[in-house]
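Undergrad: See start_18.cif below, with mmCIF, C-alpha atoms.
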data_data
loop_
_atom_site.group_PDB
_atom_site.id
_atom_site.type_symbol
_atom_site.label_atom_id
_atom_site.label_comp_id
_atom_site.auth_asym_id
_atom_site.auth_seq_id
_atom_site.Cartn_x
_atom_site.Cartn_y
_atom_site.Cartn_z
ATOM 1 C CA ARG A 1 0.000 0.000 0.000
ATOM 2 C CA ASN A 2 2.829 2.417 0.827
ATOM 3 C CA LEU A 3 4.457 1.660 -2.555
ATOM 4 C CA ILE A 4 1.181 2.338 -4.379
ATOM 5 C CA THR A 5 0.757 5.565 -2.425
ATOM 6 C CA ARG A 6 4.271 6.763 -3.276
ATOM 7 C CA ARG A 7 3.826 5.935 -6.956
ATOM 8 C CA SER A 8 0.436 7.638 -7.133
ATOM 9 C CA ASP A 9 1.914 10.749 -5.490
ATOM 10 C CA PHE A 10 4.757 10.719 -8.040
ATOM 11 C CA PHE A 11 2.398 10.462 -11.001
ATOM 12 C CA MET A 12 0.002 13.075 -9.643
ATOM 13 C CA ASN A 13 2.822 15.540 -8.997
ATOM 14 C CA THR A 14 4.259 14.886 -12.455
ATOM 15 C CA ILE A 15 0.886 15.355 -14.166
ATOM 16 C CA PHE A 16 0.153 18.504 -12.153
ATOM 17 C CA ASN A 17 3.581 20.050 -12.838
ATOM 18 C CA THR A 18 3.317 19.164 -16.540
ATOM 19 C CA GLY A 19 -0.036 20.928 -16.820
ATOM 20 C CA VAL A 20 1.137 23.995 -14.900
ATOM 21 C CA SER A 21 4.309 24.323 -16.999
ATOM 22 C CA GLY A 22 2.172 24.132 -20.157
ATOM 23 C CA MET A 23 -0.096 26.898 -18.888
ATOM 24 C CA ILE A 24 2.856 29.154 -18.036
ATOM 25 C CA ALA A 25 4.639 28.548 -21.359
ATOM 26 C CA ASN A 26 1.522 29.104 -23.478
ATOM 27 C CA GLN A 27 0.590 32.219 -21.501
ATOM 28 C CA LYS A 28 3.975 33.650 -22.490
ATOM 29 C CA LYS A 29 3.303 32.685 -26.102
ATOM 30 C CA LEU A 30 -0.090 34.400 -25.930
ATOM 31 C CA ASP A 31 1.572 37.547 -24.561
ATOM 32 C CA LYS A 32 4.177 37.516 -27.333
ATOM 33 C CA THR A 33 1.571 36.947 -30.047
ATOM 34 C CA ALA A 34 -0.627 39.740 -28.694
ATOM 35 C CA HIS A 35 2.379 42.077 -28.680
ATOM 36 C CA ASN A 36 3.114 41.226 -32.325
ATOM 37 C CA ILE A 37 -0.494 41.836 -33.366
ATOM 38 C CA ALA A 38 -0.527 45.168 -31.506
ATOM 39 C CA ASN A 39 2.486 46.267 -33.587
ATOM 40 C CA VAL A 40 1.050 45.322 -36.967
ATOM 41 C CA ASN A 41 1.182 49.006 -37.991
ATOM 42 C CA THR A 42 4.491 49.899 -36.295
ATOM 43 C CA VAL A 43 7.101 51.031 -38.807
ATOM 44 C CA GLY A 44 10.101 48.695 -39.015
ATOM 45 C CA TYR A 45 8.765 46.303 -36.363
ATOM 46 C CA LYS A 46 10.112 42.737 -36.386
ATOM 47 C CA PRO A 47 7.986 40.040 -34.712
ATOM 48 C CA GLU A 48 9.242 37.603 -32.097
ATOM 49 C CA LYS A 49 8.405 33.918 -31.847
ATOM 50 C CA ALA A 50 8.356 31.906 -28.638
ATOM 51 C CA VAL A 51 10.603 28.817 -28.751
ATOM 52 C CA PHE A 52 9.778 25.893 -26.437
ATOM 53 C CA ASP A 53 11.946 23.147 -24.907
ATOM 54 C CA SER A 54 10.845 20.005 -23.078
ATOM 55 C CA LEU A 55 11.746 19.750 -19.404
ATOM 56 C CA VAL A 56 13.822 17.052 -17.707
ATOM 57 C CA TYR A 57 12.940 13.373 -18.195
ATOM 58 C CA THR A 58 13.121 10.848 -15.329
ATOM 59 C CA ASN A 59 12.554 7.109 -14.934
ATOM 60 C CA MET A 60 8.983 6.269 -14.060
ATOM 61 C CA ASP A 61 10.319 3.488 -11.794
ATOM 62 C CA VAL A 62 13.690 4.246 -10.208
ATOM 63 C CA ASN A 63 14.152 0.550 -9.387
ATOM 64 C CA ALA A 64 13.691 -0.608 -12.988
ATOM 65 C CA GLY A 65 17.007 0.601 -14.396
ATOM 66 C CA ASN A 66 16.540 1.747 -17.980
ATOM 67 C CA GLY A 67 12.773 1.814 -17.822
ATOM 68 C CA GLU A 68 10.070 4.062 -19.191
ATOM 69 C CA MET A 69 10.896 7.783 -19.148
ATOM 70 C CA ALA A 70 8.408 10.419 -18.044
ATOM 71 C CA GLY A 71 8.687 14.073 -19.063
ATOM 72 C CA HIS A 72 7.959 16.967 -16.736
ATOM 73 C CA GLY A 73 6.430 19.517 -19.051
ATOM 74 C CA VAL A 74 7.617 22.395 -21.194
ATOM 75 C CA ARG A 75 9.253 25.788 -20.850
ATOM 76 C CA GLN A 76 9.836 28.785 -23.078
ATOM 77 C CA SER A 77 13.556 28.707 -23.809
ATOM 78 C CA GLN A 78 13.961 31.854 -25.893
ATOM 79 C CA ASN A 79 12.352 34.457 -28.138
ATOM 80 C CA ARG A 80 13.434 34.260 -31.768
ATOM 81 C CA ILE A 81 13.326 37.477 -33.814
ATOM 82 C CA SER A 82 12.096 37.290 -37.406
ATOM 83 C CA PHE A 83 14.067 39.712 -39.591
ATOM 84 C CA ARG A 84 12.087 39.095 -42.760
ATOM 85 C CA GLN A 85 11.697 42.108 -45.014
ATOM 86 C CA GLY A 86 8.634 44.261 -44.450
ATOM 87 C CA THR A 87 6.814 45.912 -47.339
ATOM 88 C CA LEU A 88 8.388 49.182 -48.493
ATOM 89 C CA THR A 89 5.688 51.854 -48.527
ATOM 90 C CA ALA A 90 6.083 55.127 -50.415
ATOM 91 C CA THR A 91 5.510 58.196 -48.220
ATOM 92 C CA GLY A 92 6.727 61.046 -50.432
ATOM 93 C CA ASN A 93 8.740 62.427 -47.507
ATOM 94 C CA PRO A 94 12.409 62.795 -48.563
ATOM 95 C CA LEU A 95 13.503 62.314 -44.931
ATOM 96 C CA ASP A 96 11.887 58.876 -44.729
ATOM 97 C CA PHE A 97 14.323 56.048 -45.473
ATOM 98 C CA ALA A 98 13.982 52.289 -45.758
ATOM 99 C CA ILE A 99 16.581 49.550 -46.111
ATOM 100 C CA ALA A 100 15.936 47.097 -48.938
ATOM 101 C CA GLY A 101 17.873 44.058 -47.777
ATOM 102 C CA GLU A 102 19.746 43.258 -44.600
ATOM 103 C CA GLY A 103 21.161 45.768 -42.143
ATOM 104 C CA PHE A 104 20.244 48.453 -39.624
ATOM 105 C CA PHE A 105 20.427 52.194 -39.192
ATOM 106 C CA ALA A 106 22.560 53.298 -36.232
ATOM 107 C CA VAL A 107 21.430 56.079 -33.892
ATOM 108 C CA GLU A 108 22.973 57.540 -30.761
ATOM 109 C CA LYS A 109 20.826 58.442 -27.777
ATOM 110 C CA ASP A 110 22.301 59.563 -24.430
ATOM 111 C CA GLY A 111 25.705 58.165 -25.378
ATOM 112 C CA ALA A 112 24.398 54.699 -26.314
ATOM 113 C CA VAL A 113 24.376 53.407 -29.894
ATOM 114 C CA GLU A 114 21.218 51.562 -30.892
ATOM 115 C CA TYR A 115 20.199 49.917 -34.158
ATOM 116 C CA THR A 116 16.860 50.120 -35.930
ATOM 117 C CA ARG A 117 15.003 49.460 -39.168
ATOM 118 C CA LYS A 118 12.747 52.466 -38.582
ATOM 119 C CA GLY A 119 13.890 55.257 -40.879
ATOM 120 C CA SER A 120 11.396 58.053 -40.192
ATOM 121 C CA PHE A 121 13.897 60.857 -39.606
ATOM 122 C CA SER A 122 13.742 64.643 -39.338
ATOM 123 C CA MET A 123 16.134 67.596 -39.010
ATOM 124 C CA SER A 124 17.348 69.326 -35.857
ATOM 125 C CA LEU A 125 19.234 72.634 -35.813
ATOM 126 C CA GLU A 126 21.862 72.753 -33.068
ATOM 127 C CA ASN A 127 24.778 75.210 -32.792
ATOM 128 C CA TYR A 128 24.284 76.395 -36.379
ATOM 129 C CA ARG A 129 24.462 72.859 -37.734
ATOM 130 C CA THR A 130 21.575 70.733 -38.950
ATOM 131 C CA TYR A 131 21.579 67.079 -37.898
ATOM 132 C CA LEU A 132 19.522 64.133 -39.035
ATOM 133 C CA VAL A 133 17.617 62.803 -36.010
ATOM 134 C CA THR A 134 14.903 60.348 -35.043
ATOM 135 C CA GLU A 135 11.491 61.242 -33.638
ATOM 136 C CA ASP A 136 12.852 61.241 -30.072
ATOM 137 C CA GLY A 137 15.958 63.265 -30.889
ATOM 138 C CA ALA A 138 18.531 60.480 -31.296
ATOM 139 C CA ARG A 139 21.168 61.393 -33.883
ATOM 140 C CA VAL A 140 21.597 59.210 -36.949
ATOM 141 C CA LEU A 141 25.143 57.962 -37.596
ATOM 142 C CA ASP A 142 27.122 57.429 -40.777
ATOM 143 C CA ARG A 143 29.203 54.313 -41.484
ATOM 144 C CA TYR A 144 32.104 55.803 -39.512
ATOM 145 C CA GLY A 145 30.038 56.454 -36.395
ATOM 146 C CA ARG A 146 29.801 60.226 -36.975
ATOM 147 C CA TYR A 147 26.627 62.299 -36.843
ATOM 148 C CA VAL A 148 24.882 62.734 -40.192
ATOM 149 C CA THR A 149 24.540 66.432 -41.028
ATOM 150 C CA VAL A 150 22.189 68.025 -43.563
ATOM 151 C CA ASP A 151 23.716 70.479 -46.039
ATOM 152 C CA LEU A 152 21.875 72.963 -48.221
ATOM 153 C CA ASN A 153 21.827 72.771 -51.988
ATOM 154 C CA TYR A 154 23.266 76.126 -53.082
ATOM 155 C CA GLU A 155 21.214 76.183 -56.286
ATOM 156 C CA THR A 156 17.799 75.561 -54.706
ATOM 157 C CA GLY A 157 18.412 76.603 -51.109
ATOM 158 C CA LEU A 158 16.747 73.359 -49.998
ATOM 159 C CA PRO A 159 18.284 70.509 -48.022
ATOM 160 C CA ASP A 160 20.482 68.241 -50.145
ATOM 161 C CA TYR A 161 18.477 65.056 -49.674
ATOM 162 C CA GLU A 162 20.708 62.993 -51.960
ATOM 163 C CA GLN A 163 23.728 63.883 -49.836
ATOM 164 C CA VAL A 164 21.793 62.837 -46.739
ATOM 165 C CA LYS A 165 20.908 59.481 -48.273
ATOM 166 C CA ASP A 166 24.524 58.799 -49.243
ATOM 167 C CA SER A 167 25.743 59.727 -45.747
ATOM 168 C CA ILE A 168 23.523 57.389 -43.753
ATOM 169 C CA GLY A 169 25.337 54.298 -42.512
ATOM 170 C CA ILE A 170 24.061 50.727 -42.688
ATOM 171 C CA PHE A 171 25.362 48.171 -40.211
ATOM 172 C CA ASN A 172 25.062 44.416 -39.880
ATOM 173 C CA PHE A 173 25.992 41.720 -37.358
ATOM 174 C CA ASP A 174 27.417 38.209 -37.504
ATOM 175 C CA ASN A 175 24.376 37.025 -35.540
ATOM 176 C CA PRO A 176 21.567 39.623 -35.613
ATOM 177 C CA TYR A 177 19.180 37.133 -33.976
ATOM 178 C CA ALA A 178 21.102 37.595 -30.712
ATOM 179 C CA LEU A 179 20.488 41.352 -30.522
ATOM 180 C CA ASP A 180 18.845 42.666 -27.355
ATOM 181 C CA ARG A 181 15.587 44.587 -27.599
ATOM 182 C CA ALA A 182 15.917 48.201 -26.478
ATOM 183 C CA GLY A 183 12.345 49.390 -27.070
ATOM 184 C CA SER A 184 10.980 51.837 -29.657
ATOM 185 C CA GLY A 185 11.858 49.407 -32.447
ATOM 186 C CA ARG A 186 15.564 49.396 -31.614
ATOM 187 C CA TRP A 187 18.170 46.830 -30.638
ATOM 188 C CA LEU A 188 21.457 46.788 -28.755
ATOM 189 C CA ALA A 189 24.521 44.785 -29.698
ATOM 190 C CA SER A 190 25.336 41.863 -27.413
ATOM 191 C CA ALA A 191 28.288 39.519 -26.936
ATOM 192 C CA ALA A 192 26.409 36.838 -28.890
ATOM 193 C CA SER A 193 25.481 39.139 -31.796
ATOM 194 C CA GLY A 194 29.016 40.415 -32.293
ATOM 195 C CA ALA A 195 30.045 43.994 -33.019
ATOM 196 C CA ALA A 196 28.297 46.094 -35.641
ATOM 197 C CA ALA A 197 30.064 46.141 -39.003
ATOM 198 C CA PRO A 198 29.359 48.812 -41.648
ATOM 199 C CA VAL A 199 27.973 47.652 -44.987
ATOM 200 C CA TYR A 200 29.893 49.168 -47.900
ATOM 201 C CA PHE A 201 28.499 47.331 -50.907
ATOM 202 C CA SER A 202 25.323 48.658 -52.498
ATOM 203 C CA ASP A 203 24.280 45.175 -53.643
ATOM 204 C CA ALA A 204 24.136 43.938 -50.010
ATOM 205 C CA ALA A 205 21.663 46.626 -48.900
ATOM 206 C CA ASP A 206 20.074 49.599 -50.591
ATOM 207 C CA ILE A 207 18.611 52.714 -48.934
ATOM 208 C CA ARG A 208 15.372 53.956 -50.477
ATOM 209 C CA SER A 209 14.511 57.622 -49.942
ATOM 210 C CA GLY A 210 10.837 58.507 -49.582
ATOM 211 C CA TYR A 211 9.934 55.038 -48.285
ATOM 212 C CA LEU A 212 9.329 53.402 -44.927
ATOM 213 C CA GLU A 213 9.485 49.702 -44.114
ATOM 214 C CA ALA A 214 6.156 48.448 -42.831
ATOM 215 C CA SER A 215 5.820 46.017 -39.932
ATOM 216 C CA ALA A 216 6.890 42.471 -40.814
ATOM 217 C CA VAL A 217 3.996 40.993 -38.813
ATOM 218 C CA ASP A 218 1.912 38.494 -40.799
ATOM 219 C CA ILE A 219 -1.520 38.904 -39.236
ATOM 220 C CA GLY A 220 -2.766 35.565 -40.587
ATOM 221 C CA GLU A 221 0.208 33.712 -39.145
ATOM 222 C CA GLU A 222 -0.203 35.472 -35.807
ATOM 223 C CA MET A 223 -3.899 34.582 -35.604
ATOM 224 C CA VAL A 224 -3.080 30.915 -36.218
ATOM 225 C CA GLY A 225 -0.451 31.070 -33.466
ATOM 226 C CA LEU A 226 -2.963 32.771 -31.172
ATOM 227 C CA ILE A 227 -5.503 29.972 -31.652
ATOM 228 C CA GLU A 228 -2.817 27.315 -31.107
ATOM 229 C CA ALA A 229 -1.685 28.951 -27.868
ATOM 230 C CA GLN A 230 -5.257 29.315 -26.611
ATOM 231 C CA ARG A 231 -6.058 25.656 -27.291
ATOM 232 C CA ALA A 232 -2.783 24.484 -25.713
ATOM 233 C CA PHE A 233 -3.450 26.645 -22.647
ATOM 234 C CA GLN A 234 -6.964 25.223 -22.302
ATOM 235 C CA LEU A 235 -5.657 21.656 -22.638
ATOM 236 C CA SER A 236 -2.971 22.277 -20.011
ATOM 237 C CA ALA A 237 -5.587 23.721 -17.670
ATOM 238 C CA ARG A 238 -7.696 20.616 -18.225
ATOM 239 C CA ILE A 239 -4.685 18.429 -17.311
ATOM 240 C CA VAL A 240 -4.329 20.310 -14.010
ATOM 241 C CA GLN A 241 -8.049 19.890 -13.314
ATOM 242 C CA THR A 242 -7.927 16.160 -14.127
ATOM 243 C CA ALA A 243 -4.866 15.664 -11.890
ATOM 244 C CA ASP A 244 -6.721 17.344 -9.041
ATOM 245 C CA GLU A 245 -9.782 15.135 -9.569
ATOM 246 C CA ILE A 246 -7.681 11.945 -9.626
ATOM 247 C CA GLU A 247 -5.855 13.066 -6.474
ATOM 248 C CA GLN A 248 -9.198 13.459 -4.723
ATOM 249 C CA ILE A 249 -10.192 9.923 -5.775
ATOM 250 C CA VAL A 250 -6.883 8.497 -4.478
ATOM 251 C CA ASN A 251 -7.281 10.313 -1.177
ATOM 252 C CA ASN A 252 -10.777 8.905 -0.759
ATOM 253 C CA LEU A 253 -9.499 5.381 -1.455
ATOM 254 C CA ARG A 254 -6.892 5.764 1.283
#
Here is the file; what I need is its structure written in the form of structure tokens.
TA:
Amino acid sequence: RNLITRRSDFFMNTIFNTGVSGMIANQKKLDKTAHNIANVNTVGYKPEKAVFDSLVYTNMDVNAGNGEMAGHGVRQSQNRISFRQGTLTATGNPLDFAIAGEGFFAVEKDGAVEYTRKGSFSMSLENYRTYLVTEDGARVLDRYGRYVTVDLNYETGLPDYEQVKDSIGIFNFDNPYALDRAGSGRWLASAASGAAAPVYFSDAADIRSGYLEASAVDIGEEMVGLIEAQRAFQLSARIVQTADEIEQIVNNLR
């Protein structure tokens, strides 16, 4: 009887923990999917996907040697960024820029360099010089890490937009999927991503003036993922409920 009790406790705990881990993991997936859907209209946004791993496996009977193995649920191991190209949308604004291909714009804010695909820039006059800046005042950098300045065309008296386009730097990483999110559609370099390297060849990436890159969120794909996560969460909750009901039956039998 004691052996049966111990084994029933083991199975009940395993079933309960498996269901709870499934609920936690799928709740995180639901949160990530909802965040992607909310940013379907965010310029330059790149969606994230939740990646799952199975938890530790143990022998169902420790006295049986190489016996049947029982898993203990699931966990979210990482978030994987999708850097697929978003649609380039014409805006008619000469200070809007989009990258066709791989790479990132570099901007400096409060001494920190961040990287983004969002190219909705404007001009800021400071100390008699005009700089290219982002919406929150971060300065755009060229391929050498210097601030991009806006010169006037002496013939028209208007900003030289072609010079601005040629001055903007594009940077890439050995492993862009390891970049750290910084908010506002920007990323920070990490040890795993490697250092930013300027892109010099026009065939590797091309800057389009008067365009912005739309969000790369596929709303159909996200809705499918949302339904999958909801169903998996409901099933995990049902596992927890069933484990509780079986535990009550076992306790009554005792």
Undergrad: Let me know the residues the PyMOL selection byres ((chain A and resi 145-148) around 12) catches in the file above, as JSON, numbers by chain.
TA: {"A": [105, 106, 107, 108, 109, 111, 112, 113, 114, 121, 122, 123, 124, 129, 130, 131, 132, 133, 134, 138, 139, 140, 141, 142, 143, 144, 149, 150, 151, 161, 163, 164, 165, 166, 167, 168, 169, 170, 171, 196, 197, 198]}
Undergrad: Enter the distance from CA of Ala98 in chain A to CA of Ala205 in chain A, in Å, rounded to one decimal.
TA: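 Interatomic distance, CA of Ala98 in chain A to CA of Ala205 in chain A: 10.0 Å.
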Undergrad: Using only C-alpha atoms, pick whichever of A:Leu253, A:Leu212, A:Gln234, A:Arg75 has the shortest atom-to-atom distance to Asn93 in chain A.
TA: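 Checking each candidate against Asn93 in chain A, we get A:Leu212 as the closest.
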Undergrad: When you look at Val217 in chain A with a cut-off of 6 Å (counting all atoms listed in the file), what residues show up, excluding the ones that are within fewer than 2 positions of it in the same chain? I need them as a ChimeraX atom specification.
TA: /A:40,47,215,219
Undergrad: Store the residues picked out above in a file with C-alpha atoms, as a tab-separated table (two decimals), in the frame of the given file.
TA:
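Saved file result37.tsv follows:
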chain	number	residue	atom	x	y	z
A	40	VAL	CA	1.05	45.32	-36.97
A	47	PRO	CA	7.99	40.04	-34.71
A	215	SER	CA	5.82	46.02	-39.93
A	219	ILE	CA	-1.52	38.90	-39.24
Undergrad: The PyMOL selection byres ((chain A and resi 189) around 9) on the file shown: which residues, as a list in words?
TA: Val113, Glu114, Tyr115, Phe173, Pro176, Ala178, Leu179, Asp180, Trp187, Leu188, Ser190, Ala191, Ala192, Ser193, Gly194, Ala195 and Ala196 of chain A
Undergrad: At what distance in Å, to one decimal, does CA of Leu226 in chain A lie from CA of Thr14 in chain A?
TA: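 CA of Thr14 in chain A sits 26.9 Å away from CA of Leu226 in chain A.
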Undergrad: Could you expand the PyMOL selection byres ((chain A and resi 32) around 10) into the explicit residues it covers here, written as a VMD selection string?
TA: chain A and resid 26 to 31 33 to 38 47 to 50 79 222 226
Undergrad: Could you check how far CA of Tyr45 in chain A sits from CA of Ala100 in chain A, in Å to one decimal?
TA: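 Spanning CA of Tyr45 in chain A to CA of Ala100 in chain A is a straight-line distance of 14.5 Å.
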Undergrad: I'd like the contact shell of Arg84 in chain A - 9 Å cut-off, only C-alpha atoms, skipping same-chain residues fewer than 5 positions apart - returned as a list in words.
TA: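 Close residues of Arg84 in chain A: Lys46, Glu102 and Ala216 of chain A.
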Undergrad: Env of Asp53 in chain A: 8 Å cut, atoms = all atoms listed in the file, seq-sep filter 3 positions within chain, self excluded. Answer as a list in words.
TA: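 The residues satisfying every condition are Val74, Arg75, Gln76 and Ser77 of chain A.
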Undergrad: Could you dump the residues just selected with C-alpha atoms as a PDB file, keeping the file's coordinate frame?
TA:
ATOM      1  CA  VAL A  74       7.617  22.395 -21.194  1.00  0.00           C
ATOM      2  CA  ARG A  75       9.253  25.788 -20.850  1.00  0.00           C
ATOM      3  CA  GLN A  76       9.836  28.785 -23.078  1.00  0.00           C
ATOM      4  CA  SER A  77      13.556  28.707 -23.809  1.00  0.00           C
TER       5      SER A  77
END
Undergrad: So which residues touch Val20 in chain A within 7 Å, counting only C-alpha atoms, skipping near sequence neighbours fewer than 3 positions away, as a PDB file with C-alpha atoms, in the coordinates of the input?
TA:
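Written file, selection32.pdb:
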ATOM      1  CA  PHE A  16       0.153  18.504 -12.153  1.00  0.00           C
ATOM      2  CA  ASN A  17       3.581  20.050 -12.838  1.00  0.00           C
ATOM      3  CA  MET A  23      -0.096  26.898 -18.888  1.00  0.00           C
ATOM      4  CA  ILE A  24       2.856  29.154 -18.036  1.00  0.00           C
ATOM      5  CA  SER A 236      -2.971  22.277 -20.011  1.00  0.00           C
ATOM      6  CA  VAL A 240      -4.329  20.310 -14.010  1.00  0.00           C
TER       7      VAL A 240
END
Undergrad: Limit the output to N, CA and C atoms and give range 239-252 of chain A as a CSV table (one decimal), in the first residue's frame.
TA:
chain,number,residue,atom,x,y,z
A,239,ILE,N,-5.6,19.4,-17.9
A,239,ILE,CA,-4.7,18.4,-17.3
A,239,ILE,C,-4.6,18.7,-15.8
A,240,VAL,N,-4.4,20.0,-15.4
A,240,VAL,CA,-4.3,20.3,-14.0
A,240,VAL,C,-5.6,19.9,-13.3
A,241,GLN,N,-6.8,20.2,-13.9
A,241,GLN,CA,-8.0,19.9,-13.3
A,241,GLN,C,-8.2,18.4,-13.2
A,242,THR,N,-7.8,17.6,-14.2
A,242,THR,CA,-7.9,16.2,-14.1
A,242,THR,C,-7.0,15.6,-13.0
A,243,ALA,N,-5.8,16.1,-12.9
A,243,ALA,CA,-4.9,15.7,-11.9
A,243,ALA,C,-5.5,15.9,-10.5
A,244,ASP,N,-6.1,17.0,-10.3
A,244,ASP,CA,-6.7,17.3,-9.0
A,244,ASP,C,-7.9,16.4,-8.7
A,245,GLU,N,-8.7,16.1,-9.8
A,245,GLU,CA,-9.8,15.1,-9.6
A,245,GLU,C,-9.3,13.7,-9.2
A,246,ILE,N,-8.2,13.3,-9.9
A,246,ILE,CA,-7.7,11.9,-9.6
A,246,ILE,C,-7.1,11.9,-8.2
A,247,GLU,N,-6.4,13.0,-7.8
A,247,GLU,CA,-5.9,13.1,-6.5
A,247,GLU,C,-6.9,13.0,-5.4
A,248,GLN,N,-8.1,13.6,-5.7
A,248,GLN,CA,-9.2,13.5,-4.7
A,248,GLN,C,-9.7,12.0,-4.6
A,249,ILE,N,-9.8,11.3,-5.8
A,249,ILE,CA,-10.2,9.9,-5.8
A,249,ILE,C,-9.2,9.1,-5.0
A,250,VAL,N,-7.9,9.3,-5.2
A,250,VAL,CA,-6.9,8.5,-4.5
A,250,VAL,C,-7.0,8.7,-3.0
A,251,ASN,N,-7.2,10.0,-2.6
A,251,ASN,CA,-7.3,10.3,-1.2
A,251,ASN,C,-8.5,9.6,-0.5
A,252,ASN,N,-9.6,9.6,-1.3
A,252,ASN,CA,-10.8,8.9,-0.8
A,252,ASN,C,-10.6,7.4,-0.6
